[in-house]
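*Asks:* Below you'll find run-v2.txt; it's compact mmCIF, C-alpha atoms and all ligand atoms.
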```txt
# COMPACT_ATOMS: atom_id res chain seq x y z
CA MET V 950 130.74 110.15 119.72
CA ARG V 951 126.95 109.87 119.97
CA THR V 952 126.56 112.13 117.01
CA LEU V 953 128.91 109.95 115.03
CA VAL V 954 126.96 106.78 115.87
CA LEU V 955 123.70 108.46 114.88
CA LEU V 956 125.25 109.70 111.66
CA LEU V 957 126.54 106.24 110.77
CA ALA V 958 123.14 104.67 111.61
CA ALA V 959 121.40 107.23 109.39
CA LEU V 960 123.77 106.45 106.54
CA ALA V 961 123.34 102.71 106.97
CA LEU V 962 119.52 103.01 107.09
CA ALA V 963 119.42 105.24 104.03
CA GLY V 964 120.77 102.30 102.10
CA CYS V 965 117.71 100.18 103.03
CA ASP V 966 115.45 102.17 100.74
CA GLN V 967 117.22 100.84 97.70
CA ASN V 968 116.07 97.24 98.37
CA MET V 969 114.41 96.27 95.07
CA GLU V 970 114.82 99.47 93.19
CA ILE V 971 118.30 98.58 92.07
CA GLN V 972 118.36 95.15 90.49
CA PRO V 973 118.40 93.74 86.98
CA LYS V 974 114.80 93.81 85.74
CA TYR V 975 112.70 94.88 82.78
CA GLY V 976 110.66 98.04 82.80
CA GLU V 977 107.10 97.81 81.47
CA TYR V 978 107.09 97.34 77.70
CA ALA V 979 110.90 97.59 77.63
CA LYS V 980 112.72 95.91 74.77
CA ALA V 981 113.43 92.32 75.83
CA PRO V 982 116.24 90.67 73.84
CA LEU V 983 115.41 87.29 75.38
CA PHE V 984 111.94 87.30 73.77
CA ARG V 985 113.02 89.39 70.79
CA SER V 986 110.13 91.72 71.51
CA SER V 987 108.68 93.71 74.40
CA SER V 988 108.93 92.52 78.01
CA ALA V 989 105.10 92.53 78.15
CA ARG V 990 104.32 89.13 76.65
CA ASN V 991 101.25 88.20 74.63
CA PRO V 992 99.26 85.30 76.09
CA PRO V 993 99.90 82.00 74.25
CA ALA V 994 97.58 81.30 71.32
CA GLY V 995 94.23 79.96 72.49
CA ALA V 996 94.57 81.26 76.07
CA MET V 997 91.46 82.94 77.41
CA ALA V 998 90.44 84.70 80.60
CA ARG V 999 88.67 82.53 83.16
CA ASP V 1000 85.31 84.31 82.78
CA ALA V 1001 85.47 84.84 79.01
CA LEU V 1002 82.95 82.10 78.18
CA ALA V 1003 80.45 83.25 80.79
CA ARG V 1004 80.74 86.82 79.52
CA GLN V 1005 80.25 85.70 75.95
CA GLN V 1006 77.11 83.87 76.98
CA GLU V 1007 75.81 86.92 78.84
CA ALA V 1008 76.42 89.00 75.74
CA THR V 1009 74.29 86.79 73.53
CA GLN V 1010 71.54 86.01 76.04
CA ARG V 1011 69.60 89.15 76.62
CA PRO V 1012 68.06 89.26 80.12
CA PRO V 1013 64.25 89.61 80.33
CA LEU V 1014 62.96 93.15 80.57
CA THR V 1015 61.89 93.79 84.17
CA ALA V 1016 61.53 96.85 86.38
CA GLY V 1017 64.66 95.66 88.22
CA LEU V 1018 66.68 95.56 84.99
CA LEU V 1019 65.51 99.04 84.04
CA ASP V 1020 66.46 100.36 87.43
CA ARG V 1021 69.91 98.81 87.16
CA GLY V 1022 70.20 100.41 83.71
CA ARG V 1023 69.22 103.79 85.11
CA GLN V 1024 71.97 103.55 87.75
CA ARG V 1025 74.65 102.34 85.34
CA PHE V 1026 73.67 104.97 82.79
CA ALA V 1027 73.99 107.69 85.43
CA ILE V 1028 77.45 106.44 86.38
CA PHE V 1029 79.00 105.57 83.03
CA CYS V 1030 77.16 107.43 80.28
CA SER V 1031 75.50 110.59 81.61
CA PRO V 1032 78.82 112.43 82.16
CA CYS V 1033 78.94 112.80 78.36
CA HIS V 1034 75.48 111.92 77.08
CA GLY V 1035 73.62 113.93 79.74
CA ALA V 1036 70.87 112.65 82.03
CA GLY V 1037 68.31 112.87 79.22
CA GLY V 1038 70.57 111.45 76.48
CA ASP V 1039 70.80 114.71 74.49
CA GLY V 1040 74.59 114.53 74.43
CA ASN V 1041 75.36 117.63 76.46
CA GLY V 1042 76.84 116.10 79.61
CA ILE V 1043 79.38 117.90 81.75
CA ILE V 1044 82.40 116.43 79.90
CA VAL V 1045 80.99 117.61 76.57
CA GLN V 1046 80.50 121.07 78.07
CA ARG V 1047 84.23 120.93 78.88
CA GLY V 1048 85.33 120.08 75.35
CA MET V 1049 84.55 116.43 74.46
CA PRO V 1050 82.98 116.17 70.96
CA HIS V 1051 79.18 116.36 71.08
CA PRO V 1052 77.70 112.88 70.53
CA THR V 1053 74.55 112.45 68.47
CA SER V 1054 71.47 112.79 70.67
CA TYR V 1055 69.73 109.50 71.50
CA HIS V 1056 66.56 111.25 70.31
CA ASP V 1057 67.96 111.70 66.81
CA PRO V 1058 65.74 109.74 64.37
CA ARG V 1059 68.71 107.61 63.26
CA LEU V 1060 69.34 106.41 66.81
CA VAL V 1061 65.64 105.98 67.56
CA ALA V 1062 65.48 103.68 64.54
CA ALA V 1063 68.75 101.86 65.38
CA ASP V 1064 68.33 98.39 66.84
CA ASP V 1065 69.26 97.40 70.38
CA GLN V 1066 72.35 95.55 69.19
CA HIS V 1067 73.83 98.82 67.90
CA PHE V 1068 73.74 100.32 71.41
CA PHE V 1069 75.15 97.13 72.91
CA ASP V 1070 77.97 97.15 70.36
CA VAL V 1071 78.81 100.82 70.91
CA ILE V 1072 79.21 100.15 74.67
CA SER V 1073 81.30 97.03 73.96
CA ASP V 1074 83.54 98.34 71.18
CA GLY V 1075 83.38 102.12 71.44
CA TYR V 1076 82.39 104.37 68.53
CA GLY V 1077 84.56 107.08 66.93
CA ALA V 1078 85.76 109.35 69.71
CA MET V 1079 83.99 107.26 72.36
CA TYR V 1080 86.15 104.55 73.87
CA SER V 1081 85.02 101.03 74.76
CA TYR V 1082 83.31 100.35 78.08
CA ALA V 1083 83.81 96.59 77.83
CA SER V 1084 86.20 96.46 80.77
CA ARG V 1085 83.95 98.54 83.03
CA VAL V 1086 80.42 97.49 82.10
CA PRO V 1087 79.79 93.71 82.07
CA PRO V 1088 77.44 92.41 79.33
CA ARG V 1089 74.38 92.06 81.58
CA ASP V 1090 74.72 95.71 82.61
CA ARG V 1091 75.12 96.69 78.96
CA TRP V 1092 71.71 95.16 78.25
CA ALA V 1093 70.31 96.99 81.28
CA ILE V 1094 71.67 100.29 79.94
CA VAL V 1095 70.24 99.57 76.48
CA ALA V 1096 66.81 99.00 78.07
CA TYR V 1097 67.09 102.29 79.92
CA ILE V 1098 68.13 104.19 76.77
CA ARG V 1099 65.02 102.78 75.06
CA ALA V 1100 62.94 104.08 77.96
CA LEU V 1101 64.61 107.51 77.62
CA GLN V 1102 63.76 107.57 73.91
CA LEU V 1103 60.19 106.49 74.56
CA SER V 1104 59.78 109.16 77.21
CA ARG V 1105 59.76 111.83 74.48
CA ARG V 1106 57.77 109.97 71.88
CA ALA V 1107 55.06 108.10 73.73
CA SER V 1108 51.45 109.19 73.26
CA LEU V 1109 48.49 108.75 75.57
CA ASP V 1110 47.42 105.78 73.45
CA ASP V 1111 50.57 103.90 74.54
CA VAL V 1112 49.38 103.89 78.16
CA PRO V 1113 47.54 100.67 79.13
CA PRO V 1114 43.80 101.35 79.74
CA GLY V 1115 43.98 100.58 83.48
CA GLN V 1116 46.70 103.11 84.07
CA ARG V 1117 45.29 105.62 81.62
CA ALA V 1118 42.35 106.42 83.87
CA ARG V 1119 44.77 107.07 86.73
CA LEU V 1120 46.89 109.31 84.52
CA GLU V 1121 43.89 111.31 83.33
CA ALA V 1122 42.71 111.76 86.89
CA MET V 1123 45.99 113.49 87.74
CA PRO V 1124 45.77 117.24 88.16
C1 LIG C 1 83.66 110.37 77.78
C2 LIG C 1 82.43 110.68 77.09
C3 LIG C 1 81.48 109.53 76.79
C4 LIG C 1 80.97 108.61 77.65
C5 LIG C 1 81.22 108.53 79.14
C6 LIG C 1 80.08 107.78 76.87
N1 LIG C 1 80.06 108.19 75.58
FE1 LIG C 1 78.90 107.44 74.11
N2 LIG C 1 79.69 108.79 72.79
C7 LIG C 1 80.62 109.75 73.11
C8 LIG C 1 80.98 110.49 71.92
C9 LIG C 1 81.97 111.67 71.85
C10 LIG C 1 80.23 109.93 70.87
C11 LIG C 1 80.27 110.33 69.40
C12 LIG C 1 81.45 109.63 68.78
C13 LIG C 1 81.68 109.97 67.33
O1 LIG C 1 80.69 110.17 66.59
O2 LIG C 1 82.87 110.01 66.96
C14 LIG C 1 79.41 108.87 71.46
C15 LIG C 1 78.50 108.12 70.75
C16 LIG C 1 77.63 107.22 71.33
C17 LIG C 1 76.52 106.61 70.65
C18 LIG C 1 76.06 106.94 69.24
C19 LIG C 1 76.60 106.04 68.20
C20 LIG C 1 76.04 106.48 66.83
O3 LIG C 1 75.59 105.57 66.12
O4 LIG C 1 76.07 107.67 66.52
C21 LIG C 1 75.90 105.77 71.54
C22 LIG C 1 74.70 104.90 71.29
C23 LIG C 1 76.63 105.88 72.78
N3 LIG C 1 77.66 106.78 72.62
C24 LIG C 1 76.31 105.20 73.92
C25 LIG C 1 77.00 105.35 75.13
C26 LIG C 1 76.67 104.60 76.33
C27 LIG C 1 75.55 103.59 76.44
C28 LIG C 1 77.53 105.00 77.30
C29 LIG C 1 77.67 104.48 78.70
C30 LIG C 1 77.97 103.09 78.86
C31 LIG C 1 78.40 106.03 76.71
N4 LIG C 1 78.03 106.19 75.40
C32 LIG C 1 79.38 106.70 77.39
C33 LIG C 1 81.15 110.01 74.34
C34 LIG C 1 80.91 109.27 75.48
```
Starting from the file, lay out its structure as structure tokens.
*Replies:*
Amino acid sequence: MRTLVLLLAALALAGCDQNMEIQPKYGEYAKAPLFRSSSARNPPAGAMARDALARQQEATQRPPLTAGLLDRGRQRFAIFCSPCHGAGGDGNGIIVQRGMPHPTSYHDPRLVAADDQHFFDVISDGYGAMYSYASRVPPRDRWAIVAYIRALQLSRRASLDDVPPGQRARLEAMP
């Protein structure tokens, strides 16, 4: 008798799992006759995300170049870009070593000559095989990364004459 009760309880409880799994509903992107298109609806014309204006403003107003901004750029670059572009920007990051196409080195004369906006746009929109980072890197951080890439480029091209006189003496005194 006890076994029977347990068995019936187990059967009854097994039914509980079905709660919302079995009900009339659309799957993602399923054909939706009601809308005569997909069940994933487009936002109405003119609708925009709550922070879209603020982001747009950030994109057009470049933050001032400070040590803090550069440091932020260094961090973001290490997280989002170095896996492919490598820590030095040569384009031989770990993902490229595993088969991703080799991007042009940041030290290539074409990219040294490219303006800052080009780098900002590549992060925002992607470029060829590289996908967009717009959803992961907010505009202010894009500018920070651009500043850091400029520093990376300069690190291989700067001459002693670029060092301000005050710091030059200190540099020359180094062993
Ligand atoms: C998953 C790998 C990957 C990551 C991560 C990545 N990139 Fe790229 N990137 C590429 C590839 C591949 C190319 C070359 C695309 C092509 O030429 O088709 C490229 C090209 C570029 C270029 C060169 C565009 C030109 O004019 O040749 C720039 C600049 C760039 N990436 C910046 C960035 C920045 C900044 C980040 C980080 C926010 C980043 N990338 C993250 C793979 C990546």
*Asks:* List all protein, DNA and RNA residues that have at least one atom no more than 8 Å from any atom of ligand LIG 1 (chain C), counting only C-alpha atoms and all ligand atoms, and write them as JSON, numbers by chain.
*Replies:* {"V": [1025, 1026, 1028, 1029, 1030, 1031, 1032, 1033, 1034, 1040, 1044, 1045, 1049, 1050, 1051, 1052, 1053, 1054, 1055, 1059, 1060, 1063, 1067, 1068, 1069, 1071, 1072, 1075, 1076, 1077, 1078, 1079, 1080, 1082, 1086, 1091, 1094, 1095, 1098]}
*Asks:* Just give me the gap between CA of Pro1013 in chain V and CA of Arg1089 in chain V in Å, one decimal is fine.
*Replies:*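 Interatomic distance here is 10.5 Å.
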*Asks:* Work out how far apart CA of Lys974 in chain V and CA of Asn991 in chain V are and give it in Å to one decimal.
*Replies:*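 It comes out at 18.4 Å.
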*Asks:* So which one's closest to His1056 in chain V, V:Gln1102, V:Ser1081, V:Gln1010, V:Asn1041? Using only C-alpha atoms, please.
*Replies:* V:Gln1102
*Asks:* Please put the answer as JSON: centre and edge lengths, in Å with one decimal, of a box along x, y and z that encloses all listed atoms of range 977-994 of chain V plus 6 Å on each side.
*Replies:*
```
{"center_x": 106.9, "center_y": 89.6, "center_z": 76.1, "size_x": 30.7, "size_y": 28.5, "size_z": 22.7}
```
*Asks:* Please determine, counting only C-alpha atoms, which residue among V:Leu1109, V:Tyr1097, V:Tyr975, V:Asp1074 has the shortest atom-to-atom distance to Gly1037 in chain V.
*Replies:*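 Smallest distance to Gly1037 in chain V is found for V:Tyr1097.
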*Asks:* Calculate how many Å separate CA of Pro1113 in chain V from CA of Gln1024 in chain V, rounding to one decimal.
*Replies:*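 Between CA of Pro1113 in chain V and CA of Gln1024 in chain V the gap is 26.1 Å.
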*Asks:* Return the single residue from V:Asp1057, V:Gly995, V:Ala1008, V:Ala1016 that is closest to Asp1070 in chain V, with distances computed using only C-alpha atoms.
*Replies:*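 Under the stated criterion, the closest residue is V:Ala1008.
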